[in-house]
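Student: Structure supplied as work-v5.txt; contents: compact mmCIF, C-alpha atoms.
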```
# COMPACT_ATOMS: atom_id res chain seq x y z
CA MET A 8 43.64 -5.28 -14.12
CA THR A 9 40.79 -7.67 -13.21
CA MET A 10 39.95 -5.68 -10.09
CA LYS A 11 39.81 -2.42 -12.07
CA LEU A 12 37.56 -4.08 -14.64
CA ASN A 13 35.20 -5.35 -11.94
CA VAL A 14 34.98 -1.88 -10.41
CA LYS A 15 34.22 -0.39 -13.82
CA GLN A 16 31.54 -3.00 -14.45
CA ALA A 17 29.94 -2.30 -11.08
CA LEU A 18 29.96 1.46 -11.69
CA LEU A 19 28.55 0.99 -15.19
CA SER A 20 25.81 -1.27 -13.88
CA ALA A 21 24.89 1.22 -11.15
CA ALA A 22 24.85 4.07 -13.67
CA MET A 23 22.63 2.09 -16.01
CA TRP A 24 20.28 1.37 -13.11
CA MET A 25 20.04 5.05 -12.27
CA CYS A 26 19.38 5.98 -15.90
CA CYS A 27 16.78 3.28 -16.47
CA MET A 28 15.05 3.51 -13.10
CA PRO A 29 11.35 4.29 -13.59
CA LEU A 30 10.08 7.18 -11.54
CA GLY A 31 7.10 5.13 -10.48
CA ALA A 32 5.90 7.47 -7.74
CA GLN A 33 5.61 10.56 -9.89
CA THR A 34 2.23 11.72 -11.14
CA THR A 35 0.48 14.62 -12.82
CA LYS A 36 -2.90 16.26 -12.54
CA GLU A 37 -3.73 14.96 -15.99
CA GLU A 38 -3.10 11.36 -14.94
CA MET A 39 -5.34 11.73 -11.91
CA PHE A 40 -8.11 13.57 -13.74
CA ALA A 41 -8.12 10.79 -16.35
CA THR A 42 -8.80 8.22 -13.59
CA ILE A 43 -10.47 10.22 -10.87
CA GLU A 44 -10.55 7.24 -8.47
CA LYS A 45 -6.81 7.71 -7.99
CA THR A 46 -7.58 10.83 -5.95
CA GLY A 47 -8.75 8.36 -3.31
CA GLY A 48 -5.09 7.72 -2.51
CA VAL A 49 -4.81 4.69 -0.23
CA TYR A 50 -8.42 3.85 -1.17
CA TRP A 51 -7.38 3.21 -4.79
CA ALA A 52 -8.56 -0.32 -5.49
CA TYR A 53 -5.79 -2.74 -6.46
CA PRO A 54 -5.00 -2.13 -10.15
CA LEU A 55 -4.99 -5.15 -12.44
CA ASP A 56 -2.54 -3.87 -15.05
CA ILE A 57 -0.30 -6.87 -14.32
CA PRO A 58 2.57 -7.17 -16.82
CA GLN A 59 3.95 -10.43 -18.15
CA GLN A 60 6.70 -11.99 -16.04
CA THR A 61 10.26 -11.97 -17.36
CA LYS A 62 11.52 -15.46 -18.07
CA ALA A 63 14.23 -16.59 -15.64
CA PRO A 64 17.76 -17.23 -16.91
CA LYS A 65 18.23 -20.67 -18.42
CA GLY A 66 18.10 -23.48 -15.88
CA TYR A 67 16.81 -21.41 -12.95
CA LYS A 68 13.49 -22.36 -11.36
CA PRO A 69 11.53 -20.62 -8.58
CA PHE A 70 11.56 -22.45 -5.25
CA TYR A 71 10.47 -19.91 -2.60
CA VAL A 72 8.40 -16.71 -2.36
CA SER A 73 8.61 -14.15 0.45
CA HIS A 74 5.66 -11.77 0.67
CA TYR A 75 4.27 -8.86 2.66
CA GLY A 76 0.85 -7.55 1.68
CA ARG A 77 -1.58 -4.90 2.77
CA HIS A 78 -5.11 -6.05 3.53
CA GLY A 79 -7.50 -5.85 0.62
CA SER A 80 -10.24 -3.32 -0.04
CA ARG A 81 -12.15 -2.31 3.08
CA TYR A 82 -14.99 -0.15 4.26
CA LEU A 83 -14.15 3.14 5.94
CA VAL A 84 -12.34 2.54 9.22
CA SER A 85 -15.32 3.28 11.45
CA ASP A 86 -19.11 3.33 11.12
CA ARG A 87 -18.83 6.90 12.44
CA ASP A 88 -17.16 7.93 9.19
CA TYR A 89 -20.45 7.25 7.43
CA LYS A 90 -22.89 8.02 10.22
CA SER A 91 -21.61 11.50 11.05
CA VAL A 92 -22.32 12.62 7.48
CA ILE A 93 -25.64 10.78 7.24
CA THR A 94 -26.84 12.26 10.55
CA LEU A 95 -26.21 15.77 9.24
CA PHE A 96 -28.15 15.06 6.06
CA GLU A 97 -30.99 13.50 8.08
CA ALA A 98 -31.33 16.68 10.10
CA ALA A 99 -31.21 18.84 6.98
CA HIS A 100 -33.78 16.61 5.26
CA ALA A 101 -36.12 16.87 8.26
CA GLY A 102 -35.71 20.64 8.28
CA LYS A 103 -36.20 20.96 4.51
CA ALA A 104 -32.76 22.55 4.31
CA LEU A 105 -31.38 20.41 1.50
CA SER A 106 -31.13 21.51 -2.10
CA GLU A 107 -32.37 19.20 -4.86
CA LEU A 108 -28.83 17.86 -5.19
CA GLY A 109 -28.60 17.53 -1.41
CA GLU A 110 -31.75 15.40 -1.31
CA ASP A 111 -30.31 13.16 -4.02
CA VAL A 112 -27.06 12.79 -2.07
CA TYR A 113 -29.03 11.94 1.07
CA GLN A 114 -30.76 9.07 -0.74
CA ARG A 115 -27.41 7.83 -2.04
CA LEU A 116 -25.95 7.90 1.46
CA LEU A 117 -28.85 5.81 2.76
CA LYS A 118 -28.15 3.23 0.03
CA VAL A 119 -24.48 3.09 0.99
CA TRP A 120 -25.41 2.71 4.66
CA GLU A 121 -27.51 -0.36 3.86
CA GLU A 122 -24.28 -2.12 2.92
CA ALA A 123 -21.77 -0.39 5.19
CA GLU A 124 -23.62 -0.37 8.54
CA GLY A 125 -21.74 -2.48 11.05
CA HIS A 126 -18.85 -3.07 8.64
CA GLY A 127 -16.55 -0.23 9.73
CA GLY A 128 -12.97 -1.39 9.13
CA ASP A 129 -14.01 -4.74 7.63
CA LEU A 130 -12.66 -6.33 4.47
CA THR A 131 -15.12 -5.94 1.59
CA PRO A 132 -15.99 -8.73 -0.86
CA LEU A 133 -13.69 -6.99 -3.35
CA GLY A 134 -10.88 -7.27 -0.81
CA VAL A 135 -11.41 -11.03 -0.69
CA ARG A 136 -11.36 -11.24 -4.49
CA GLN A 137 -8.17 -9.19 -4.66
CA HIS A 138 -6.21 -11.56 -2.43
CA ARG A 139 -7.60 -14.63 -4.13
CA GLY A 140 -6.45 -13.15 -7.44
CA ILE A 141 -2.94 -12.34 -6.20
CA ALA A 142 -2.63 -15.86 -4.80
CA GLU A 143 -3.81 -17.40 -8.05
CA ARG A 144 -1.33 -15.39 -10.11
CA MET A 145 1.49 -16.22 -7.68
CA TYR A 146 0.71 -19.92 -7.98
CA ALA A 147 0.50 -19.75 -11.78
CA ALA A 148 3.74 -17.77 -12.13
CA PHE A 149 5.83 -19.91 -9.75
CA PRO A 150 4.29 -23.41 -9.82
CA GLU A 151 7.59 -25.14 -9.02
CA ALA A 152 7.55 -23.54 -5.54
CA PHE A 153 4.05 -24.77 -4.71
CA LYS A 154 4.29 -28.39 -5.81
CA GLY A 155 3.56 -31.42 -3.67
CA GLU A 156 3.19 -31.04 0.09
CA ALA A 157 5.19 -27.83 0.38
CA PHE A 158 4.76 -25.74 3.54
CA VAL A 159 3.32 -22.21 3.53
CA SER A 160 3.69 -19.92 6.56
CA ALA A 161 0.89 -17.32 6.69
CA ARG A 162 0.79 -14.66 9.41
CA SER A 163 -1.22 -11.49 9.84
CA THR A 164 -1.44 -8.63 12.28
CA VAL A 165 -4.19 -8.95 14.88
CA VAL A 166 -6.52 -6.68 12.91
CA PHE A 167 -9.45 -8.70 11.58
CA ARG A 168 -9.32 -7.47 7.97
CA CYS A 169 -5.70 -8.57 7.74
CA ALA A 170 -6.55 -12.03 9.04
CA MET A 171 -9.43 -12.27 6.57
CA SER A 172 -7.07 -11.26 3.75
CA MET A 173 -4.66 -13.98 4.84
CA VAL A 174 -7.39 -16.61 4.80
CA ALA A 175 -8.66 -15.53 1.38
CA PHE A 176 -5.13 -15.80 0.01
CA GLY A 177 -4.40 -19.16 1.63
CA ASP A 178 -7.76 -20.64 0.68
CA ARG A 179 -7.10 -19.96 -2.99
CA LEU A 180 -3.67 -21.59 -2.79
CA LYS A 181 -5.23 -24.60 -1.08
CA GLU A 182 -7.84 -24.87 -3.82
CA LEU A 183 -5.09 -24.92 -6.43
CA ASN A 184 -3.05 -27.52 -4.53
CA PRO A 185 -4.97 -29.31 -1.76
CA ASN A 186 -1.71 -30.95 -0.61
CA LEU A 187 -0.17 -27.68 0.56
CA ARG A 188 0.45 -27.47 4.30
CA ILE A 189 -0.60 -23.95 5.33
CA SER A 190 -0.10 -22.59 8.84
CA TYR A 191 -2.37 -19.62 9.67
CA GLU A 192 -1.43 -17.34 12.57
CA SER A 193 -2.77 -13.98 13.76
CA SER A 194 -1.02 -13.21 17.02
CA ARG A 195 0.51 -10.43 19.07
CA LYS A 196 3.60 -12.62 19.21
CA TYR A 197 4.61 -11.39 15.75
CA MET A 198 3.56 -7.75 16.01
CA ASN A 199 7.12 -6.73 16.89
CA TYR A 200 7.99 -7.10 13.21
CA MET A 201 4.60 -7.29 11.46
CA ASN A 202 3.56 -3.81 12.59
CA TYR A 203 6.44 -2.14 14.43
CA HIS A 204 6.58 1.55 15.32
CA SER A 205 9.29 2.95 17.55
CA TYR A 206 8.63 5.42 20.35
CA GLU A 207 10.84 8.00 18.60
CA SER A 208 9.01 7.67 15.30
CA ASN A 209 5.66 8.02 17.06
CA LEU A 210 6.83 11.32 18.53
CA PHE A 211 7.66 12.55 15.05
CA THR A 212 4.46 11.34 13.39
CA SER A 213 2.12 12.60 16.13
CA SER A 214 -0.72 14.56 14.55
CA SER A 215 -1.11 16.70 17.69
CA ASP A 216 2.44 17.90 18.33
CA GLY A 217 4.74 16.40 15.71
CA PRO A 218 7.27 18.90 14.29
CA TRP A 219 5.47 18.88 10.92
CA THR A 220 1.92 19.51 12.12
CA GLU A 221 1.77 23.32 12.09
CA GLU A 222 2.99 23.47 8.49
CA TYR A 223 0.52 20.74 7.57
CA LYS A 224 -2.40 22.64 9.12
CA LYS A 225 -1.61 25.65 6.95
CA PHE A 226 -1.20 23.42 3.89
CA GLU A 227 -4.54 21.72 4.55
CA ALA A 228 -6.29 25.06 5.09
CA ALA A 229 -4.97 26.32 1.77
CA HIS A 230 -6.22 23.19 -0.04
CA THR A 231 -9.63 22.72 1.59
CA LYS A 232 -12.20 25.03 0.01
CA PRO A 233 -15.67 23.75 0.93
CA ASP A 234 -17.91 26.76 0.31
CA ARG A 235 -18.97 25.83 -3.23
CA LEU A 236 -19.72 22.24 -2.22
CA VAL A 237 -21.74 23.25 0.84
CA ALA A 238 -23.75 25.82 -1.12
CA SER A 239 -24.66 23.16 -3.69
CA LEU A 240 -26.07 20.80 -1.04
CA PHE A 241 -28.00 23.12 1.31
CA LYS A 242 -30.50 25.86 0.52
CA ASP A 243 -30.99 27.14 4.08
CA GLU A 244 -28.15 29.49 5.06
CA ARG A 245 -29.35 29.49 8.67
CA PHE A 246 -29.00 25.70 8.82
CA ILE A 247 -25.48 25.98 7.42
CA LEU A 248 -24.58 28.59 10.01
CA LYS A 249 -25.95 26.57 12.94
CA LYS A 250 -25.29 22.94 11.95
CA VAL A 251 -22.67 22.56 9.21
CA ASN A 252 -18.92 22.47 9.68
CA PRO A 253 -17.96 23.00 6.03
CA LYS A 254 -14.44 21.59 6.30
CA GLU A 255 -15.51 18.45 8.17
CA LEU A 256 -18.36 17.84 5.72
CA MET A 257 -16.12 18.19 2.69
CA TRP A 258 -13.59 15.75 4.12
CA GLY A 259 -16.34 13.34 5.20
CA LEU A 260 -17.83 13.25 1.71
CA TYR A 261 -14.35 12.96 0.18
CA TRP A 262 -13.59 9.79 2.14
CA ILE A 263 -16.97 8.26 1.31
CA ALA A 264 -16.51 9.12 -2.36
CA SER A 265 -12.99 7.67 -2.33
CA ASP A 266 -14.06 4.35 -0.82
CA MET A 267 -17.00 3.65 -3.11
CA GLN A 268 -14.65 1.88 -5.53
CA ASN A 269 -14.05 -0.75 -2.83
CA VAL A 270 -17.64 -1.67 -1.96
CA GLU A 271 -20.41 -3.58 -3.75
CA THR A 272 -22.95 -0.72 -3.91
CA LYS A 273 -22.53 0.82 -7.34
CA LEU A 274 -22.92 4.51 -6.62
CA SER A 275 -20.61 7.49 -7.01
CA PHE A 276 -20.20 10.82 -5.24
CA TYR A 277 -17.58 12.26 -7.56
CA ASP A 278 -20.17 14.47 -9.24
CA LEU A 279 -20.23 16.56 -6.06
CA PHE A 280 -16.63 17.68 -6.51
CA GLU A 281 -14.70 19.58 -9.09
CA PRO A 282 -11.55 17.75 -10.22
CA GLN A 283 -9.30 20.41 -8.71
CA GLU A 284 -11.04 20.06 -5.35
CA LEU A 285 -10.37 16.32 -5.34
CA PHE A 286 -6.78 16.88 -6.38
CA ASP A 287 -6.27 19.39 -3.59
CA LEU A 288 -7.77 17.14 -0.93
CA TRP A 289 -5.69 14.23 -2.20
CA GLN A 290 -2.52 16.34 -1.93
CA CYS A 291 -3.26 16.82 1.78
CA ALA A 292 -3.90 13.12 2.37
CA ASN A 293 -0.87 12.18 0.29
CA TYR A 294 1.43 14.47 2.26
CA SER A 295 0.00 13.20 5.55
CA PHE A 296 0.72 9.58 4.58
CA TYR A 297 4.18 10.54 3.37
CA VAL A 298 5.20 12.27 6.57
CA ARG A 299 3.73 9.54 8.79
CA ASN A 300 5.10 6.52 6.93
CA ALA A 301 7.76 7.37 4.35
CA ASN A 302 11.12 9.12 4.22
CA HIS A 303 10.23 12.74 5.02
CA ALA A 304 13.49 14.68 5.19
CA ASP A 305 12.85 15.99 8.69
CA SER A 306 12.35 12.47 10.08
CA LYS A 307 16.02 11.67 9.39
CA GLY A 308 15.17 8.04 8.69
CA LEU A 309 13.28 7.41 11.95
CA VAL A 310 10.02 6.40 10.27
CA VAL A 311 11.56 4.24 7.55
CA ALA A 312 13.55 2.43 10.26
CA ASN A 313 10.24 1.02 11.53
CA ALA A 314 10.54 -1.53 8.72
CA LYS A 315 13.89 -2.88 9.96
CA PRO A 316 12.40 -5.69 12.07
CA LEU A 317 10.27 -6.71 9.10
CA LEU A 318 13.19 -6.68 6.69
CA ARG A 319 15.21 -8.68 9.23
CA ASN A 320 12.44 -11.28 9.34
CA ILE A 321 12.36 -11.39 5.54
CA LEU A 322 16.11 -12.12 5.42
CA ASP A 323 16.00 -14.65 8.27
CA SER A 324 13.00 -16.47 6.79
CA ALA A 325 14.69 -16.64 3.41
CA ASP A 326 17.88 -18.02 4.95
CA GLU A 327 15.85 -20.69 6.73
CA ALA A 328 13.88 -21.62 3.60
CA ILE A 329 17.12 -21.92 1.62
CA ARG A 330 18.85 -23.92 4.32
CA GLU A 331 16.01 -26.27 5.32
CA GLY A 332 14.02 -26.57 2.10
CA GLY A 333 10.35 -27.55 1.85
CA THR A 334 8.89 -24.06 2.32
CA ALA A 335 7.00 -22.69 -0.66
CA ALA A 336 6.21 -19.25 0.73
CA THR A 337 6.25 -16.97 3.74
CA LEU A 338 3.13 -14.81 3.58
CA ARG A 339 2.59 -11.77 5.80
CA PHE A 340 -0.49 -9.53 5.92
CA GLY A 341 -0.58 -6.06 7.44
CA HIS A 342 -1.22 -2.43 6.63
CA ASP A 343 -0.30 0.50 4.40
CA GLY A 344 1.80 1.86 7.28
CA ASN A 345 4.01 -1.22 7.00
CA VAL A 346 4.34 -1.47 3.21
CA ILE A 347 5.29 2.21 2.81
CA PRO A 348 8.40 2.17 5.05
CA LEU A 349 9.34 -1.30 3.75
CA VAL A 350 9.57 -0.24 0.10
CA ALA A 351 11.51 2.84 1.22
CA LEU A 352 13.93 0.84 3.37
CA MET A 353 14.42 -1.68 0.57
CA GLN A 354 15.09 1.24 -1.79
CA ILE A 355 12.63 -0.07 -4.35
CA GLU A 356 12.52 2.31 -7.32
CA ASN A 357 12.51 5.86 -5.87
CA TYR A 358 10.14 5.20 -2.97
CA ASN A 359 12.79 6.28 -0.46
CA VAL A 360 12.80 9.80 -1.91
CA SER A 361 13.35 12.40 0.80
CA VAL A 362 11.75 15.87 0.64
CA SER A 363 10.10 18.15 3.18
CA ASP A 364 8.11 20.78 1.25
CA PRO A 365 4.45 19.68 1.22
CA TYR A 366 3.96 21.42 -2.12
CA GLU A 367 6.60 19.18 -3.72
CA VAL A 368 5.65 15.78 -2.29
CA TYR A 369 3.06 14.74 -4.87
CA LYS A 370 5.56 15.36 -7.67
CA VAL A 371 7.85 12.60 -6.37
CA TRP A 372 5.73 10.35 -4.13
CA CYS A 373 2.13 9.16 -4.51
CA ASN A 374 0.29 7.05 -1.98
CA PHE A 375 -2.00 5.38 -4.52
CA LYS A 376 1.04 4.04 -6.40
CA VAL A 377 2.83 2.82 -3.29
CA VAL A 378 -0.10 1.35 -1.33
CA PRO A 379 -3.35 0.77 -3.17
CA MET A 380 -5.64 -1.68 -1.44
CA ALA A 381 -3.92 -5.12 -1.30
CA ALA A 382 -0.51 -3.61 -2.10
CA ASN A 383 2.27 -6.16 -1.80
CA VAL A 384 5.98 -6.81 -1.99
CA GLN A 385 7.17 -10.19 -3.26
CA MET A 386 10.67 -11.62 -3.39
CA VAL A 387 10.92 -14.69 -5.63
CA PHE A 388 13.93 -16.99 -5.24
CA TYR A 389 15.40 -19.10 -8.05
CA ARG A 390 18.11 -21.75 -8.36
CA LYS A 391 19.16 -24.60 -10.63
CA GLU A 392 18.00 -28.09 -9.76
CA LYS A 393 21.51 -29.40 -10.26
CA GLY A 394 24.25 -26.96 -9.50
CA ASP A 395 25.83 -24.85 -6.80
CA PRO A 396 23.21 -24.61 -3.97
CA ASP A 397 24.50 -21.11 -3.17
CA ASP A 398 23.90 -19.92 -6.74
CA ILE A 399 20.57 -18.24 -6.02
CA LEU A 400 18.85 -15.43 -7.87
CA VAL A 401 16.06 -13.25 -6.53
CA LYS A 402 13.48 -11.06 -8.23
CA ILE A 403 11.62 -8.32 -6.36
CA MET A 404 8.11 -7.26 -7.27
CA HIS A 405 5.94 -4.44 -6.01
CA ASN A 406 2.24 -4.89 -6.73
CA GLU A 407 3.26 -7.69 -9.10
CA HIS A 408 5.49 -5.39 -11.15
CA GLU A 409 9.18 -6.23 -11.43
CA VAL A 410 11.19 -3.45 -9.81
CA HIS A 411 14.71 -2.10 -9.46
CA ILE A 412 16.88 -1.85 -6.38
CA PRO A 413 20.34 -0.19 -6.28
CA VAL A 414 22.28 -3.45 -6.55
CA PRO A 415 24.37 -4.10 -9.68
CA THR A 416 23.12 -6.88 -11.94
CA ASP A 417 23.51 -7.86 -15.56
CA THR A 418 20.37 -10.02 -15.50
CA TYR A 419 17.63 -7.57 -14.43
CA PRO A 420 15.05 -8.16 -12.99
CA PHE A 421 17.08 -10.96 -11.40
CA TYR A 422 19.74 -10.21 -8.80
CA LYS A 423 22.24 -12.45 -7.05
CA TRP A 424 20.77 -13.25 -3.66
CA SER A 425 24.18 -12.94 -2.01
CA ASP A 426 24.48 -9.36 -3.31
CA VAL A 427 20.94 -8.45 -2.26
CA ARG A 428 21.37 -10.03 1.16
CA ASP A 429 24.64 -8.17 1.78
CA PHE A 430 23.07 -4.90 0.63
CA TYR A 431 20.15 -5.23 3.06
CA LEU A 432 22.31 -6.43 5.93
CA LYS A 433 24.37 -3.25 5.61
CA ILE A 434 21.16 -1.21 5.81
CA LEU A 435 20.01 -3.14 8.88
CA ASN A 436 23.36 -2.70 10.60
CA GLN A 437 23.38 1.06 10.12
CA CYS A 438 22.54 3.02 13.27
```
In structure tokens, how does this file's structure come out?

Tutor:
Amino acid sequence: MTMKLNVKQALLSAAMWMCCMPLGAQTTKEEMFATIEKTGGVYWAYPLDIPQQTKAPKGYKPFYVSHYGRHGSRYLVSDRDYKSVITLFEAAHAGKALSELGEDVYQRLLKVWEEAEGHGGDLTPLGVRQHRGIAERMYAAFPEAFKGEAFVSARSTVVFRCAMSMVAFGDRLKELNPNLRISYESSRKYMNYMNYHSYESNLFTSSSDGPWTEEYKKFEAAHTKPDRLVASLFKDERFILKKVNPKELMWGLYWIASDMQNVETKLSFYDLFEPQELFDLWQCANYSFYVRNANHADSKGLVVANAKPLLRNILDSADEAIREGGTAATLRFGHDGNVIPLVALMQIENYNVSVSDPYEVYKVWCNFKVVPMAANVQMVFYRKEKGDPDDILVKIMHNEHEVHIPVPTDTYPFYKWSDVRDFYLKILNQC
């Protein structure tokens, strides 16, 4: 009778989870048009709509935090992403081929270049502020974990903006508690789990000959319509014919427009685009990020499996922190291409959704919701000061929002660590 009751309770809990699970990755045109910066996708600056934390069950206190975060806001990846557009406008300006709007855009581009030159790929000042803010809120929410001379392990990938994000985060913790012992490491030694990509997944995600690329090219062609934009910027049709690649220009301006929310120069380029044009370009970028990093149906789990070494490290580090004590947090800093498969592998909300039709992806999966700048996953561990040392609860947060995973619990957002650990070990042990 007891066994039947337990089975019923487990099924009921799972059913309730499915019914209550927020469809966090869904979006609509209306939502995006209301906040046009969201069309920037992975350039969406970290949102600060941070909800209040749920109070832990009576007697439970936080003692350890496990974290993986994307670097904060950055400039475009390369100086070339700015300079190629600016060079075209320079030539058009010299040849008097720009329209009145085109001349205005040229002056705006020069202003942006004053800040961006030499910073391709670098963390912006906003990126520093983002990680300082996340650290401050972590410390305030879980002060018991960061008391005294607790140890903090901080590691980043070897990319400079990730290391700078790590330092910004750690510096703020150190300011709040100067007694913390923080170890900073940015080394190739840890890249096998901090930023892992298998040979097989790389074959699938290849933009030159991956099995999805031909369909994507047709999808992109159908959603990239640059003629109106080009005509608004240039008045010399001969210059357009000889010098302008309309598609490349539209995409170049789209990326610059998208990233302006992350830099200090207060200018916008969104007036150049119609909302539908931005939405269409974002659909292309969103699908590209989905197929390269998430659970595209045709990948058959290959891409999501890239997060297995990271999830293994998360479990092992937690086991060590529980067993040895004295560790306040394990902090890891990487990239969007690491956070995306991690939230899918962990089955957070519906981020492991699996579709293949590029026209359907945005309806169920949105890059700006999964990986805005400084996106992060946190696992917060709780136990009673006096009680069974194995009685441990864990709460999972994505971008500082409490989230669901498909593990039964009657104390959401808190789960039994033993249940969560077993659930993830089964995933890791699957072929």

Student: Please indicate the distance in Å from atom CA of Ala41 of chain A to atom CA of Arg144 of chain A, rounded to one decimal place.

Tutor: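 The value is 27.8 Å.
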
Student: May I ask which of the residues A:Asp343, A:Asp111, A:Glu409, A:Asp395 is the closest one to Val377 of chain A, counting all atoms listed in the file?

Tutor: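 Selected residue with least distance to Val377 of chain A: A:Asp343.
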
Student: Which of these, A:Tyr422, A:Asp278, A:Arg77, A:Glu121, has the shortest distance to Ala382 of chain A once you count all atoms listed in the file?

Tutor: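 Among the listed residues, A:Arg77 lies closest to Ala382 of chain A.
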
Student: Which residue gives the smallest distance to Ala264 of chain A among A:Met171, A:Ile412, A:Arg428, A:Leu288, with all atoms listed in the file counted?

Tutor: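 The answer is A:Leu288, which sits nearest to Ala264 of chain A.
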
Student: For Asn269 of chain A, work out the shell of residues within 7 Å, counting all atoms listed in the file and skipping chain neighbours fewer than 6 positions away, then give it as a list of chain:residue names.

Tutor: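 Those residues are A:Ala52, A:Ser80, A:Arg81, A:Thr131, A:Leu133.
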
Student: Show which residues sit within 6 Å of Gly127 of chain A, as a compact mmCIF listing (two decimals) with C-alpha atoms, in the frame of the given file. Count all atoms listed in the file, and ignore same-chain residues fewer than 2 positions away.

Tutor:
```txt
# COMPACT_ATOMS: atom_id res chain seq x y z
CA TYR A 82 -14.99 -0.15 4.26
CA LEU A 83 -14.15 3.14 5.94
CA VAL A 84 -12.34 2.54 9.22
CA SER A 85 -15.32 3.28 11.45
CA ASP A 86 -19.11 3.33 11.12
CA GLY A 125 -21.74 -2.48 11.05
CA ASP A 129 -14.01 -4.74 7.63
```

Student: Which of these, A:Leu338, A:Leu260, A:Ala292, A:Ala161, has the shortest distance to Val384 of chain A once you count all atoms listed in the file?

Tutor: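 Smallest separation from Val384 of chain A among the options: A:Leu338.
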
Student: Choose the residue, out of A:Glu122, A:Glu38, A:Glu221, A:Asp397, that has the smallest atom-to-atom separation from Lys273 of chain A; count only C-alpha atoms.

Tutor: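 The closest residue to Lys273 of chain A is A:Glu122.
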